[in-house]
Amino acid sequence: MKPTARRLSPAAMPLFAPSRRLVLHLGAALLATAAVLTAHNAHAAADATVVEAVQLPAHIERSGQRRAAEPGALLRTGDKAITDTGSRMLLRLSDRSTIRLGEATQFLIDSLDNSPSGDARQITTGLKLITGVFRYATDYASKALGNKTTLNLELATATVGIRGTDFWAMTDADHDAVCVFEGHVAVERDAKPTIDLQKPGAFWVVFTNQPEKPAGQATPDQLAKFIGQAEMQPGRGVLLQGGEWRLVAASGANGPEANALRTRLQEAGYPARVAALDKGFEVRINQFATEQDAQAVLARLAPLGVTQGRVVRAR
């Protein structure tokens, strides 16, 4: 007897909202990404940061303990979002603005405050990009309602102050960089003048142990590259809230076998769950965006003990 498919909640917010000034530079590949992801949506809790989509494998770390990241998970102060090689993550803040994380990224929510301010809200957020790629985009509906957001992003050598904008940043052992797509950011460094980036495409980079150069202007090819680094890649293991496809890693296993497989998958960054059947147990990964996304992950799981997995539609 086949298990009854679990119904997932429908989504409601778009996952991709590129700057109008940059659309001409993105090309057909990025627009195709948008077309896939805007078909799926999600509601963020009013006072929380929610994981809206994940390109596996990825983790969330809380109090030193890691678990596999999955859509719908809520992040709080002190939590760290971690993406692996080939992974991505999309977060939505309490003011409905979005954060996209590229591969091999570690990102920390340092502080969150969402307070009433008359008929609107005052949101103050402190974030830290430990390593990797980051993109932030304001939600204009929230801004139109009068909500005010103060956001600071800490990099290795600088702090980026944001007052409603769309921008990209990255940090690693070799350099820090910031590029504005729309709006205004202020780059602050110890004992140095603030660098204001206000023109679309304005770009600042500093290399470790090298003299700092003035901010410049990114080329259209560079802009497309920056944006692509943080975008989901359809068909490569994307999960999102309301995703209708399921990977069945094992079916009919006994309890210890099912739990052991779930643990291996979770530790590797795949949010597996165990479901009881009439006979035995099933190990599942839910909420894949498409059948192709689920098949892409299934093809990677043999080293973790998944030898007879299959992909099914969950509803």
# chains A, B, ... in the order shown; residues from 1 in each chain; ligands from 1
$ residues_around --residues "segment 294-307 of chain A" --least-positions-apart "3" --cutoff "10 Å" --atoms "only C-alpha atoms" --output "ChimeraX atom specification"
/A:55-57,235-239,245-250,260-262,264-265,268,270,283,285-291,310-312
$ residues_around --residues "Ile82 of chain A" --least-positions-apart "6" --cutoff "9 Å" --atoms "only C-alpha atoms" --output "list of chain:residue names"
A:Ala58, A:His59, A:Ile60, A:Glu61, A:Ala69, A:Arg88, A:Met89, A:Leu101, A:Glu103, A:Ala104, A:Thr105, A:Gln106, A:Phe107, A:Leu108
$ write_last_selection --atoms "N, CA and C atoms" --output "compact mmCIF listing (two decimals), in the first residue's frame"
# COMPACT_ATOMS: atom_id res chain seq x y z
N ALA A 58 22.83 22.06 2.22
CA ALA A 58 23.05 23.25 3.03
C ALA A 58 22.66 22.96 4.47
N HIS A 59 23.14 23.81 5.38
CA HIS A 59 22.89 23.61 6.80
C HIS A 59 22.46 24.91 7.48
N ILE A 60 21.84 24.74 8.63
CA ILE A 60 21.62 25.82 9.59
C ILE A 60 22.31 25.41 10.88
N GLU A 61 23.07 26.33 11.46
CA GLU A 61 23.78 26.03 12.70
C GLU A 61 23.21 26.88 13.83
N ALA A 69 19.35 22.34 6.14
CA ALA A 69 18.43 23.45 5.88
C ALA A 69 17.29 22.98 5.00
N ARG A 88 22.91 26.93 -2.75
CA ARG A 88 22.41 28.30 -2.63
C ARG A 88 21.35 28.30 -1.51
N MET A 89 21.03 29.50 -1.02
CA MET A 89 19.94 29.62 -0.05
C MET A 89 19.26 30.98 -0.22
N LEU A 101 22.12 33.74 -0.71
CA LEU A 101 23.47 33.30 -0.39
C LEU A 101 23.98 32.39 -1.49
N GLU A 103 27.16 29.83 -3.19
CA GLU A 103 27.77 28.59 -2.72
C GLU A 103 28.94 28.87 -1.77
N ALA A 104 29.26 27.86 -0.94
CA ALA A 104 30.39 27.93 -0.02
C ALA A 104 30.35 29.20 0.82
N THR A 105 29.17 29.49 1.37
CA THR A 105 28.95 30.72 2.14
C THR A 105 28.60 30.39 3.58
N GLN A 106 29.12 31.21 4.50
CA GLN A 106 28.72 31.16 5.90
C GLN A 106 28.23 32.55 6.29
N PHE A 107 27.01 32.60 6.81
CA PHE A 107 26.32 33.86 7.04
C PHE A 107 25.68 33.81 8.42
N LEU A 108 25.88 34.86 9.22
CA LEU A 108 25.41 34.89 10.60
C LEU A 108 24.40 36.01 10.82
$ select_by_dssp --residues "segment 91-291 of chain A" --states "helix (DSSP H, G or I)" --output "ChimeraX atom specification"
/A:140-144,220-230,255-267,291
$ closest_residue --among "A:Phe167, A:Ser251, A:Ala275, A:Asp79" --to "Gln65 of chain A" --atoms "only C-alpha atoms"
A:Asp79
$ residues_around --residues "Gly216 of chain A" --least-positions-apart "2" --cutoff "12 Å" --atoms "only C-alpha atoms" --output "ChimeraX atom specification"
/A:177-180,195-206,212-214,218-219
$ select_by_dssp --residues "segment 58-270 of chain A" --states "strand (DSSP E)" --output "PyMOL selection string"
chain A and resi 58-62+65-68+74-75+80-83+88-92+98-101+106-117+120-137+148-154+159-162+166-171+175-182+185-188+195-197+202-207+216-217+238-240+245-253
$ closest_residue --among "A:Gln241, A:Asn259, A:Asn254, A:Gln229" --to "Gly86 of chain A" --atoms "only C-alpha atoms"
A:Gln229
$ residues_around --residues "Asp139 of chain A" --least-positions-apart "5" --cutoff "8 Å" --atoms "only C-alpha atoms" --output "PDB file with N, CA and C atoms, in the first residue's frame"
ATOM      1  N   ASP A  95      10.847  42.129   7.310  1.00  0.00           N
ATOM      2  CA  ASP A  95      10.269  43.221   6.523  1.00  0.00           C
ATOM      3  C   ASP A  95      10.035  42.797   5.075  1.00  0.00           C
ATOM      4  N   ARG A  96      10.166  41.498   4.800  1.00  0.00           N
ATOM      5  CA  ARG A  96       9.925  40.868   3.510  1.00  0.00           C
ATOM      6  C   ARG A  96      11.037  41.125   2.491  1.00  0.00           C
ATOM      7  N   SER A  97      12.098  41.800   2.891  1.00  0.00           N
ATOM      8  CA  SER A  97      13.263  41.894   2.022  1.00  0.00           C
ATOM      9  C   SER A  97      13.918  40.516   1.924  1.00  0.00           C
ATOM     10  N   THR A  98      14.730  40.310   0.887  1.00  0.00           N
ATOM     11  CA  THR A  98      15.322  38.999   0.652  1.00  0.00           C
ATOM     12  C   THR A  98      16.838  39.026   0.736  1.00  0.00           C
TER      13      THR A  98
END
$ residues_around --residues "Leu151 of chain A" --least-positions-apart "5" --cutoff "7 Å" --atoms "only C-alpha atoms" --output "list in words"
Thr124, Thr125, Gly126, Gly161, Ile162 and Arg163 of chain A
$ write_last_selection --atoms "N, CA and C atoms" --output "PDB file, in the first residue's frame"
ATOM      1  N   THR A 124      15.600  46.810  12.660  1.00  0.00           N
ATOM      2  CA  THR A 124      17.038  47.025  12.752  1.00  0.00           C
ATOM      3  C   THR A 124      17.719  45.664  12.758  1.00  0.00           C
ATOM      4  N   THR A 125      18.616  45.454  11.820  1.00  0.00           N
ATOM      5  CA  THR A 125      19.207  44.128  11.628  1.00  0.00           C
ATOM      6  C   THR A 125      20.712  44.235  11.492  1.00  0.00           C
ATOM      7  N   GLY A 126      21.430  43.374  12.213  1.00  0.00           N
ATOM      8  CA  GLY A 126      22.871  43.268  12.085  1.00  0.00           C
ATOM      9  C   GLY A 126      23.234  41.896  11.538  1.00  0.00           C
ATOM     10  N   GLY A 161      26.523  49.701   5.334  1.00  0.00           N
ATOM     11  CA  GLY A 161      25.267  50.226   5.847  1.00  0.00           C
ATOM     12  C   GLY A 161      24.261  50.391   4.728  1.00  0.00           C
ATOM     13  N   ILE A 162      23.062  49.832   4.911  1.00  0.00           N
ATOM     14  CA  ILE A 162      22.055  49.821   3.849  1.00  0.00           C
ATOM     15  C   ILE A 162      20.827  50.587   4.312  1.00  0.00           C
ATOM     16  N   ARG A 163      20.296  51.417   3.411  1.00  0.00           N
ATOM     17  CA  ARG A 163      19.070  52.151   3.718  1.00  0.00           C
ATOM     18  C   ARG A 163      18.048  51.928   2.599  1.00  0.00           C
TER      19      ARG A 163
END
$ atom_distance --atom1 "atom CA of Glu267 of chain A" --atom2 "atom CA of Ala53 of chain A"
18.8 Å
$ closest_residue --among "A:Gly255, A:Gly242, A:Gly280, A:Gly132" --to "Arg315 of chain A" --atoms "only C-alpha atoms"
A:Gly242
$ atom_distance --atom1 "atom CA of Phe181 of chain A" --atom2 "atom CA of Arg92 of chain A"
18.7 Å
$ residues_around --residues "Val160 of chain A" --least-positions-apart "3" --cutoff "6 Å" --atoms "only C-alpha atoms" --output "ChimeraX atom specification"
/A:152-153,186-187
$ closest_residue --among "A:Asp221, A:Glu154, A:Asp166, A:Asp293" --to "Glu188 of chain A" --atoms "only C-alpha atoms"
A:Glu154
$ closest_residue --among "A:Trp168, A:Pro256, A:Thr150, A:Leu240" --to "Ala224 of chain A" --atoms "only C-alpha atoms"
A:Trp168
$ atom_distance --atom1 "atom CA of Glu257 of chain A" --atom2 "atom CA of Gly64 of chain A"
26.6 Å
$ closest_residue --among "A:Ala137, A:Ala169, A:Ala258, A:Ala48" --to "Ser111 of chain A" --atoms "only C-alpha atoms"
A:Ala48
